[in-house]
Amino acid sequence: MLALRLARGAHPLVLLRRLLVAAASAGVGFLLLCTLGYAIGHPGESRTSLLRLAWCALPLAATVHFAVAVARTDPATRPRPGLSAIGLGPARLAAIAAASTAVSCTLGSMVALLVFLHLRGDLTGLPFDGAAAELLAAGRPLPLAGALTLLAITPAVASGAAALALRPRRKPVLDDDPDAAEPAAATAPTGLPWGVALLALGLAVETYTSARPTGATGAAALTLPGGLGGTPAGVLVGWALTALGLAVAGPGLTHLCGRLLQTFRPGVVRLLAGRALMDEARRIGRPLGVACAVASATIAATRLYEQGGARPLGPLTGLGAALVMACAAATLLTSALESRQTRVTTKDALLRLGASAGLLRMAVALRALSLLAMFVPLTWAVAELAALPLRR
């Protein structure tokens with residue numbers, strides 16, 4: 001109830017972000033229900049049904065990532081002085097964030113169910129002259145328990161992830177140690193070597209799998225049903241490892257960007273831009289890595305599709321890919337907004353010390369240009385390397 005009251009009195013921009021979470025949840029719920037409809041209409045194709053269900057994991061992960069980013073930027077869940085006195089400490093605020101996320105995702109899931117039932121003709125008859133009848137198994141009984149179970153996945157996972165991300169963390173800080181009062185969050189992220197290793201492993205797995213002879217056996221020889229010209233399943237495993245490597249390496253690459261800006265006798269603008277990137281490496285680095293992974297996978301898939309590849313999952317391929325790209329872009333924008341909110345105090349302090357507004361704008365532009373110079377070539381190179389083995 002408290003989460004609903006906070007939502008009702010929230011800023012319009014906050015409400016817009018929650019509605020976007022609900023829309024993403026609706027997309028994932030519709031994909032899951034379409035998978036259920038395909039399984040009902042094709043009981044003998046269990047392998048294809050499982051593949052479609054596995055494909056829904058990517059939009060689900062992107063939606064959960066976006067929901068967590070929105071929960072982190074929600075002003076209602078930000079600790080403020082005096083809230084602990086009325087019982088709203090960090091743990092209770094994390095619970096409120098989880099409840100708000102669950103409400104938004106549940107709303108989206110209900111919208112997905114209504115749209116699915118409408119397209120099946122269960123509410124007012126078949127729309128669009130029955131164009132979606134075969135895809136959604138119209139005319140066949142829908143197992144309500146299975147549909148509700150699938151629709152509950154997104155709210156449960158998203159709310160759990162929000163509660164986990166916003167849980168209060170104990171800081172090993174002594175009250176009589178003023179030097180230890182500030183957490184060591186400017187320290188370099190440690191995920192860059194692991195990200196590079198995962199990236200190299202993914203490319204190696206893809207290259208090895210695509211080079212297997214036609215009569216090869218084993219998991220590497222499994223091909224998708226009707227997919228991308230007989231793409232081996234191991235290639236998709238390689239793509240997944242590559243995307244995970246980019247996501248893990250994102251904070252380290254952002255921190256490296258900030259360090260490079262401060263080398264070779266930096267001026268005031270380079271110092272401000274580099275220090276800000278190093279401080280915000282963990283906050284914006286992970287969404288940047290995810291966006292880089294999504295963009296590289298999109299470019300690689302487009303290359304293969306231009307060479308005559310098919311859509312292995314029918315309409316679900318495009319819908320799931322669009323949902324993943326939209327969630328990645330929205331998460332990046334939300335994280336940038338969170339980063340801007342955390343810099344308000346620093347910005348005000350610099351202005352009081354005599355820094356001009358133009359100087360601060362130049363530092364922001366320099367940060368953006370340095371990130372583009374780092375991630376755009378990396379995205380293009382990974383996409384070309386990912387699509388290269390399948391062009392042979």
# chains A, B, ... in the order shown; residues from 1 in each chain; ligands from 1
call {"tool": "residues_around", "arguments": {"residues": "range 29-31 of chain A", "least_positions_apart": "4", "cutoff": "8 Å", "atoms": "only C-alpha atoms", "output": "list in words"}}
result
Ser25, Thr35, Cys56, Gly108, Ser109, Ala112, Leu113, Val115, Phe116, Leu150, Leu151, Thr154, Leu316 and Gly320 of chain A
call {"tool": "write_last_selection", "arguments": {"atoms": "N, CA and C atoms", "output": "mmCIF file, in the first residue's frame"}}
result
data_model
loop_
_atom_site.group_PDB
_atom_site.id
_atom_site.type_symbol
_atom_site.label_atom_id
_atom_site.label_comp_id
_atom_site.auth_asym_id
_atom_site.auth_seq_id
_atom_site.Cartn_x
_atom_site.Cartn_y
_atom_site.Cartn_z
ATOM 1 N N SER A 25 7.796 -5.470 -19.392
ATOM 2 C CA SER A 25 7.254 -6.688 -18.793
ATOM 3 C C SER A 25 6.121 -7.258 -19.640
ATOM 4 N N THR A 35 5.062 -18.574 -26.672
ATOM 5 C CA THR A 35 5.761 -19.850 -26.576
ATOM 6 C C THR A 35 4.827 -20.944 -26.082
ATOM 7 N N CYS A 56 13.302 -16.576 -24.890
ATOM 8 C CA CYS A 56 12.656 -15.585 -24.021
ATOM 9 C C CYS A 56 13.545 -15.174 -22.851
ATOM 10 N N GLY A 108 2.237 -4.975 -16.320
ATOM 11 C CA GLY A 108 2.605 -5.349 -17.678
ATOM 12 C C GLY A 108 2.205 -6.766 -18.028
ATOM 13 N N SER A 109 2.344 -7.687 -17.093
ATOM 14 C CA SER A 109 1.970 -9.073 -17.347
ATOM 15 C C SER A 109 0.466 -9.204 -17.594
ATOM 16 N N ALA A 112 -0.245 -8.057 -21.060
ATOM 17 C CA ALA A 112 0.149 -9.100 -22.014
ATOM 18 C C ALA A 112 -0.900 -10.196 -22.092
ATOM 19 N N LEU A 113 -1.465 -10.584 -20.955
ATOM 20 C CA LEU A 113 -2.491 -11.626 -20.958
ATOM 21 C C LEU A 113 -3.742 -11.171 -21.712
ATOM 22 N N VAL A 115 -3.917 -8.885 -24.130
ATOM 23 C CA VAL A 115 -3.607 -8.828 -25.561
ATOM 24 C C VAL A 115 -3.556 -10.230 -26.151
ATOM 25 N N PHE A 116 -2.955 -11.158 -25.432
ATOM 26 C CA PHE A 116 -2.854 -12.537 -25.916
ATOM 27 C C PHE A 116 -4.241 -13.164 -26.074
ATOM 28 N N LEU A 150 3.833 -18.593 -16.077
ATOM 29 C CA LEU A 150 4.774 -17.903 -16.960
ATOM 30 C C LEU A 150 4.719 -16.391 -16.737
ATOM 31 N N LEU A 151 3.512 -15.855 -16.524
ATOM 32 C CA LEU A 151 3.386 -14.416 -16.324
ATOM 33 C C LEU A 151 3.966 -13.963 -14.991
ATOM 34 N N THR A 154 8.394 -12.783 -14.609
ATOM 35 C CA THR A 154 9.001 -11.455 -14.691
ATOM 36 C C THR A 154 8.833 -10.650 -13.407
ATOM 37 N N LEU A 316 8.661 -14.160 -33.345
ATOM 38 C CA LEU A 316 9.242 -13.958 -32.025
ATOM 39 C C LEU A 316 10.685 -13.488 -32.105
ATOM 40 N N GLY A 320 11.490 -10.240 -29.906
ATOM 41 C CA GLY A 320 12.439 -10.384 -28.799
ATOM 42 C C GLY A 320 13.657 -9.510 -28.979
#
call {"tool": "residues_around", "arguments": {"residues": "Pro193 in chain A", "least_positions_apart": "2", "cutoff": "12 Å", "atoms": "only C-alpha atoms", "output": "VMD selection string"}}
result
chain A and resid 188 to 191 195 to 200 245 to 246 248 to 253
call {"tool": "residues_around", "arguments": {"residues": "Ala22 in chain A", "least_positions_apart": "2", "cutoff": "10 Å", "atoms": "only C-alpha atoms", "output": "list in words"}}
result
Leu16, Arg17, Arg18, Leu19, Leu20, Ala24, Ser25, Ala26, Gly27, Val28, Thr63, Ala67, Thr101, Ala102, Val103, Ser104, Cys105, Thr106, Leu107, Gly108, Ser109, Met110, Val111, Ala112 and Pro155 of chain A
call {"tool": "write_last_selection", "arguments": {"atoms": "C-alpha atoms", "output": "PDB file, in the first residue's frame"}}
result
ATOM      1  CA  LEU A  16       7.110   7.349 -17.151  1.00  0.00           C
ATOM      2  CA  ARG A  17      10.038   5.132 -16.220  1.00  0.00           C
ATOM      3  CA  ARG A  18       7.725   2.804 -14.304  1.00  0.00           C
ATOM      4  CA  LEU A  19       5.365   2.647 -17.268  1.00  0.00           C
ATOM      5  CA  LEU A  20       8.313   1.722 -19.478  1.00  0.00           C
ATOM      6  CA  ALA A  24       8.868  -4.193 -21.159  1.00  0.00           C
ATOM      7  CA  SER A  25       7.254  -6.688 -18.793  1.00  0.00           C
ATOM      8  CA  ALA A  26       4.251  -6.861 -21.110  1.00  0.00           C
ATOM      9  CA  GLY A  27       6.536  -7.679 -24.025  1.00  0.00           C
ATOM     10  CA  VAL A  28       8.244 -10.489 -22.122  1.00  0.00           C
ATOM     11  CA  THR A  63      13.840  -6.320 -18.735  1.00  0.00           C
ATOM     12  CA  ALA A  67      13.792  -2.648 -13.879  1.00  0.00           C
ATOM     13  CA  THR A 101       8.944  -3.105  -9.258  1.00  0.00           C
ATOM     14  CA  ALA A 102       6.589  -6.037  -8.679  1.00  0.00           C
ATOM     15  CA  VAL A 103       3.548  -3.772  -9.161  1.00  0.00           C
ATOM     16  CA  SER A 104       4.873  -2.364 -12.447  1.00  0.00           C
ATOM     17  CA  CYS A 105       5.818  -5.786 -13.818  1.00  0.00           C
ATOM     18  CA  THR A 106       2.513  -7.342 -12.730  1.00  0.00           C
ATOM     19  CA  LEU A 107       0.637  -4.582 -14.535  1.00  0.00           C
ATOM     20  CA  GLY A 108       2.605  -5.349 -17.678  1.00  0.00           C
ATOM     21  CA  SER A 109       1.970  -9.073 -17.347  1.00  0.00           C
ATOM     22  CA  MET A 110      -1.780  -8.491 -17.067  1.00  0.00           C
ATOM     23  CA  VAL A 111      -1.724  -6.325 -20.192  1.00  0.00           C
ATOM     24  CA  ALA A 112       0.149  -9.100 -22.014  1.00  0.00           C
ATOM     25  CA  PRO A 155       7.536  -9.787 -11.547  1.00  0.00           C
TER      26      PRO A 155
END
call {"tool": "closest_residue", "arguments": {"among": "A:Leu366, A:Ala156, A:Leu236, A:Ile284", "to": "Ala54 in chain A", "atoms": "only C-alpha atoms"}}
result
A:Leu236
call {"tool": "closest_residue", "arguments": {"among": "A:Leu369, A:Ala291, A:Ala387, A:Leu60", "to": "Tyr305 in chain A", "atoms": "only C-alpha atoms"}}
result
A:Ala387
call {"tool": "closest_residue", "arguments": {"among": "A:Pro287, A:Pro168, A:Pro315, A:Pro377", "to": "Leu333 in chain A", "atoms": "only C-alpha atoms"}}
result
A:Pro287
call {"tool": "residues_around", "arguments": {"residues": "Cys257 in chain A", "least_positions_apart": "3", "cutoff": "10 Å", "atoms": "only C-alpha atoms", "output": "JSON, numbers by chain"}}
result
{"A": [251, 252, 253, 254, 260, 261, 262, 273, 274, 275, 277, 278, 281, 367, 370, 371, 373, 374, 375]}
call {"tool": "atom_distance", "arguments": {"atom1": "CA of Ser100 in chain A", "atom2": "CA of Pro12 in chain A"}}
result
15.4 Å
call {"tool": "closest_residue", "arguments": {"among": "A:Gly354, A:Gly289, A:Gly41, A:Gly202", "to": "Thr379 in chain A", "atoms": "only C-alpha atoms"}}
result
A:Gly289
